[in-house]
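Visitor: Take this structure, written in structure tokens, and hold onto it; I'll ask about it next.
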Amino acid sequence: MNEYIHTLQEFMTQTKGMLYLLSAGYLISFVAFWRFLHGRDKEDNPKVQAKK
Amino acid sequence: MMITMDIKGRSITGFLGIISILIVLCVVSFSGCGQSEATSLEMRPDIIEIDAVLSAGDTTRPAVLFPHDMHTDGIAEQGKDCSRCHLKDTDNQFSTKYMRLSDDRGQSVIDLYHDNCITCHNERKSANMSSGPVVCGECHRGEPIMVSSRQQMGFDYSLHNRHETENNSDCSLCHHVYDEEKKELVYIKGQETSCRFCHLPQAVDNVLSMRQVSHQYCVSCHLGKDKGPQNCAGCHDKKMQMAIKTIEDPPRINRNQPDFVLLSVAAPDLESGKLNTVPFAHDAHERFTNTCRDCHHNSLKACKDCHTLAGNELGEGITLRRAMHDLSSDHSCVGCHEKQKSELECSGCHSLMEQGRLSEYACTVCHTGPSPADLASVNSHYRSLDAFRPEPASVKMSFSDDDIPDTTIIGILSDKYEPVSMAHKKHIERLMTNIESSKLAGHFHRHEDVICQGCHHNSPVGEKPPRCASCHNIQFDETHLPELRLQGAYHQQCFGCHQSMKNEQTSDCVKCHAEKSISDGVTSPDRFDEGVINE
Amino acid sequence: MTESNPTVERPLFCRFNIIAGIFITIGLWLTYLRFTGGLGAVSNLDHYNPWGFWIAFDLLCGVALAAGGYTTAAAVEIFGMKKFHAALRPAILTGFLGYSMVAFALLYDVGRPWRLPYPFVVSPGVTSVMFEVGACVALYLTVLFLEFSPTALEWIGAKKLRRIAVRLTVLLTIMGVVLSTLHQSSLGAMFLLVPSKLHPLWYSPYIPVFFFVSSIAAGLSMVIFEGTLAHNSFKDKMDEQHLKSADHIALGFGKGASFVLAAYFAIKVFGVALGNNWHLLGTNYGIWFLVEVFGFILLPCFLFAIGVREQNVKLIRWTAFLTVLGIVVNRLNVVLICFNWQLPADQRYFPHWMEIGISIFVITVGLVIYRFIVTRMPILYEHPDYKKTH
Amino acid sequence: MSSTSRRNFMKWITVAGTAAILPKGAKAHGQFDGYPNSYGVLHDTTLCIGCRSCEAACNEVNDFPQPEKPFDDKSVLDEKRQTNDKCYTVVNKYEKDNNAKSPVFRKFQCNHCKEPACASACFVGAFTKTPEGAVVYDATVCVGCRYCLIACPFYVPTYEYDEALEPRVMKCTMCHPRLLDGKLPGCVEACPQGALTFGKREDLIKTAHERIRKHPDRYIDHVYGEKEVGGTNWIYLSGIPFEEIGFHASLGTTPAPELTSGALSMVPIVIGVWPALLGGIYVMTQRKEKIAAEEKAEAVKNAVDATQATANEEMKKASEKAKQNKEKAVEKAVKEALDKATKQSGKESS
């Protein structure tokens, strides 16, 4: 892959671009994962609390 | 907490106090932009740095710059002489040291300087004469107010000759040799050499340093005879040095030096030395040097005695080849010749040429003597070696004068300016006279048409040298980008030569080629439209 | 309005509105000049100094001083310091208005303001630190808007929307802190690119950390400072819970600020050590650096500590003002005073009065909106029908 | 645990977190040596005679408006001039009083760095380093933020400050369009002295060192631009130290993008670590609060039970006492009644 990248500027453009996309993806998936992780917690879940 | 301050009661004013301090600090830090005014440093040739105490090591203050001539004038006013500060040593010579003979160090020397100098200054101040500083900081100055413009002084042939005639050539006055057994200085005829060969910059056990010797002998002699310079500026100031009367081509110093010699390797290397010896006109070269030391930088012996073929520790490992050909040294033959090339007459062509390139052709110019092997027979056979003395050749042309074009028209690039008509022959004649005037040039420009090589470089020599455009292309050619395009080549060559031969450097183009007159309203083609360069 | 303190009517032509009116008219005239005559007509910006007072003050100082939003939100929501809850909404409001003012001021400095979305939409230049700053500021502006929305929705009375907004607060706070860490530090990282132009005492690989840590101190001080101002002019708007915890907030935030300023002072000294620039402390800029570090970082830290130990709220409020001043001095140093320090005096920059005029105009607009919101929306008091819900 | 120590703990987490932000040196130095055969220009300041034909050519190629003083007027050289948005290059004269080589003329324009700071700084990528070697600017995406003017260590890019709506950044383009169709840059073409030599950068560097070798006392043994800021395509030779002809000597050799790559590489780390860290803290405080709430609730319950128990005992005691009292009272009452009865019967019987 390296022979296509001639300058440090090109290298950084590609790497930083990829990093930004990955970070955006991570942030969104983090929220989903958070909700998934805490989905069944009894205390937090108002419905569960009300029933008890 | 570090400081328990009861500032419950601190009022707003207290707090504002802090703010105001900060503001003041800001102003101070910016107003303090130091504009260091340039102190003008006084240039003096007579400055001696009194650091005799330095080696004692306990110096807390910078060394004192002592203007010697100022003091000698001051003392002369009071009618005193050197003895005011200098003591006489055993053989009745003024010692160069101040008020002492031995070079002891430490506090005693410091007190010596302080007591004498300060008391003298105070005396003069009380007698309201011009006087020097008495406060520590004014002598021991961090920022010096004067700087030394001292120039190295030395004898050259003319000065040596003047001294010779002055003392009706009694060499024993200055020259002497140290006799080991008798442990004293004796004069031996025929062994006179330069003082610097024994008296080195630093004193070595009982051999005085060149500085001490030259001042004790020369200055005291001048004082005794009341002739010649007697203060520092007299010898060491550049202008005074220029003012010294010089004798045009002074007669040769007769120290039975050879007139003509065949430079070759030392005896042990005679078999292994292959290159021919070099016939060397010692007498002719003396005229082009100022002192013997220009070549004999260490002793008056022959170069080959120290510089052997393979080099030995006596010659500090410098081989004969390097001693003779080292371009960067002033003592070597080729080094000295190289320096000549920057003279006005020669630099026209030579400044444009690569410096320091030894052309193979040049070897045969010098190595024309017999081979070292049969040197012995030659020496015995010939009464004098003048037969080997090369005679300067006149520049030879392989074609007659009238074949040389009178003027050449350079118009291939002509666009905004008229073609240049160059006075070709006049240039050649000028260069010819330059070469003829110098025997050195005569020897080295011996082969044919060498003179054309100045401009028609990097090409076979002959009547029809190639055109400049054949190597320096005009059009931009991506595949082959020459170092220099034609226009640049023309200008660099002409400007380079004119500039280094000190014709004026001009940047207005009309001096060489007239502007093209646009008479019929047709504007000259816009240089950057398509197809702009006309062939 | 709570019954406990009398309502102060605010006539339309009270002193504040008159002055604001004057500034706004001047501002509008300057805006007209700016967008007809170009940048050259209203500023001293030139070939050597492309960034001037707007970037230094409105952008860098604006962003640093609007850091109150994320610091308070983090303290209250994430670190669970419920006692500072009363300070949350004013801080979010200050943050939101601060960033809006930053964006508004940016429109003046940038040559083609309508192309501001280009880095994200048209052609991203990801190697630039400014891309990261732009992205984070834009995102954080939306986060602040969402954090601010519960207050506005309460005012409008959209209950269902408000419940969704409230449930998002924790997520928004976390995103707020992430984004703030990024762009506060990256505002400093932008100057990593110019080692030859910024004075070595201020230029250091630590600049991003300097900017981030100082923004925490700025945020905390700004909340205290903003609380003081709010007390002076909007006391009647505050409910008793707010009034009671005001002093407590000042002390708590003062202790936090003192703590962070100590860390900031330490890493500033480390910065000098890292570059081995001790010898520069003797020069003029060295003295100015010492003034900034000892006068505007160590002094406030020390005064905050004294204030907290002696429970002297007045001292803490004044020191908050000093810290805010310190942050402004630092940002001006990095962008203007110690930038191009090696150029001769005639190529150095000094703001044009019109630049300062436009900055004042932007701040006045911000203050007017602040007054509008504070006097109407439940910022300094709790909306009656949501007494205990959040 | 009083609230202050917890707050200190939180503060330490922030400070420790920020310490993680310390930029690590980027590793990319020296890996990239640029486009293989890109062009450049060698400017030999010892040959320049200050005739300003290059300025005239540049003005013509880019058809800039004519300046008020014509190009052959040498008086403008008396004070130092800068490039501006209507002039990409200027020649400046540098006098040195007692130096045989003065005055020295030197041309100023964009150096077309191999790793341009302006390209690295532009957040819309308006500057690109072309394979031909020129660094060109694209006005169609430029936002006008002027970070490139800040970034350039040579102060090259200029800005149309008096243009209200369509301001552009203006700088020398090495006549990129001309290069594409096989022509020399205007200034190189116009230079009569050959002080500007166009060619491939590698060849130019060889040529420059060759010239230094050939004429050691005419040149300072340093080719400016060979390594400065990571190397530039426009390289310089000089007879006097470079600081004396307007060069900034201590620019260092680190290419511009590398200066910020350390800090930029920290961005994803913060994005990655912060949410987890803050989320964790949030969960911790929630749990702590929940536990605190439970403990409080329990404490309340215990307190209630305890009071309940004591109340019961007292009640029990009280009720027993009350019972006893009642029994005593009953007995007393019965006794009284009996007495009364006996007395009555006594009375009756008597």
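In the structure tokens, chains take letters A, B, ... by order of appearance, with residues numbered from 1 within each chain and ligands from 1 in the order shown.
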Assign secondary structure with DSSP using the backbone only, and return the residues of range 85-318 of chain D in strand (DSSP E or B) as a VMD selection string.

Guide: chain D and resid 87 90 to 94 104 to 108 113 127 to 129 135 to 137 158 to 159 169 to 170 196 to 200 224 232 234 to 237

Visitor: Using only C-alpha atoms, find each residue in chain D having at least one atom no more than 8 Å away from chain B; report its shortest atom-to-atom pair and that distance in Å (one decimal), rows by chain then rising number, as a Markdown table.

Guide:
```
| residue | atom | partner | partner_atom | distance |
| --- | --- | --- | --- | --- |
| D:Leu47 | CA | B:Gln492 | CA | 7.4 |
| D:Ile49 | CA | B:Ser507 | CA | 5.9 |
| D:Gly50 | CA | B:Ser507 | CA | 6.8 |
| D:Cys51 | CA | B:Ser507 | CA | 5.6 |
| D:Glu60 | CA | B:Phe528 | CA | 7.7 |
| D:Val61 | CA | B:Phe528 | CA | 6.6 |
| D:Gly182 | CA | B:Glu478 | CA | 7.2 |
| D:Lys183 | CA | B:Phe476 | CA | 6.4 |
| D:Leu184 | CA | B:Phe476 | CA | 6.4 |
| D:Gly186 | CA | B:Phe528 | CA | 7.5 |
| D:Cys191 | CA | B:Gly488 | CA | 7.3 |
| D:Pro192 | CA | B:Gly488 | CA | 5.4 |
| D:Gln193 | CA | B:Gly488 | CA | 4.5 |
| D:Gly194 | CA | B:Gly488 | CA | 3.7 |
| D:Ala195 | CA | B:Gly488 | CA | 7.3 |
| D:Thr197 | CA | B:Leu484 | CA | 6.9 |
| D:Phe198 | CA | B:Leu481 | CA | 7.6 |
| D:Gly199 | CA | B:Leu481 | CA | 5.9 |
| D:Thr207 | CA | B:Glu483 | CA | 7.1 |
| D:Lys214 | CA | B:Glu354 | CA | 4.6 |
| D:His215 | CA | B:Gln355 | CA | 5.8 |
| D:Pro216 | CA | B:Gln355 | CA | 7.6 |
```

Visitor: Set the distance at 10 Å and use only C-alpha atoms: which residues neighbour range 374-381 of chain B once local chain neighbours fewer than 4 positions away are removed? I'd like the list as an MDAnalysis selection string.

Guide: chainID B and resid 262 264 267 270:271 276:277 369:370 385

Visitor: From the set C:Val102, C:Ala305, C:Ile164, C:Leu60, which residue has the shortest atom-to-atom contact distance to chain B, counting only C-alpha atoms?

Guide: C:Ala305

Visitor: Identify, on the basis of only C-alpha atoms, every residue whose closest approach to range 169-186 of chain C does not exceed 9 Å; exclude the query and any residue fewer than 2 positions from it along the same chain; express the result as a ChimeraX atom specification.

Guide: /A:27,31 /C:60,63-64,67,69-71,73-74,77-78,129-130,132-137,139-140,143-144,146-147,165-167,188-191,207-213,215 /D:18,263-264,266-267,270-271,274-275,278-279,282
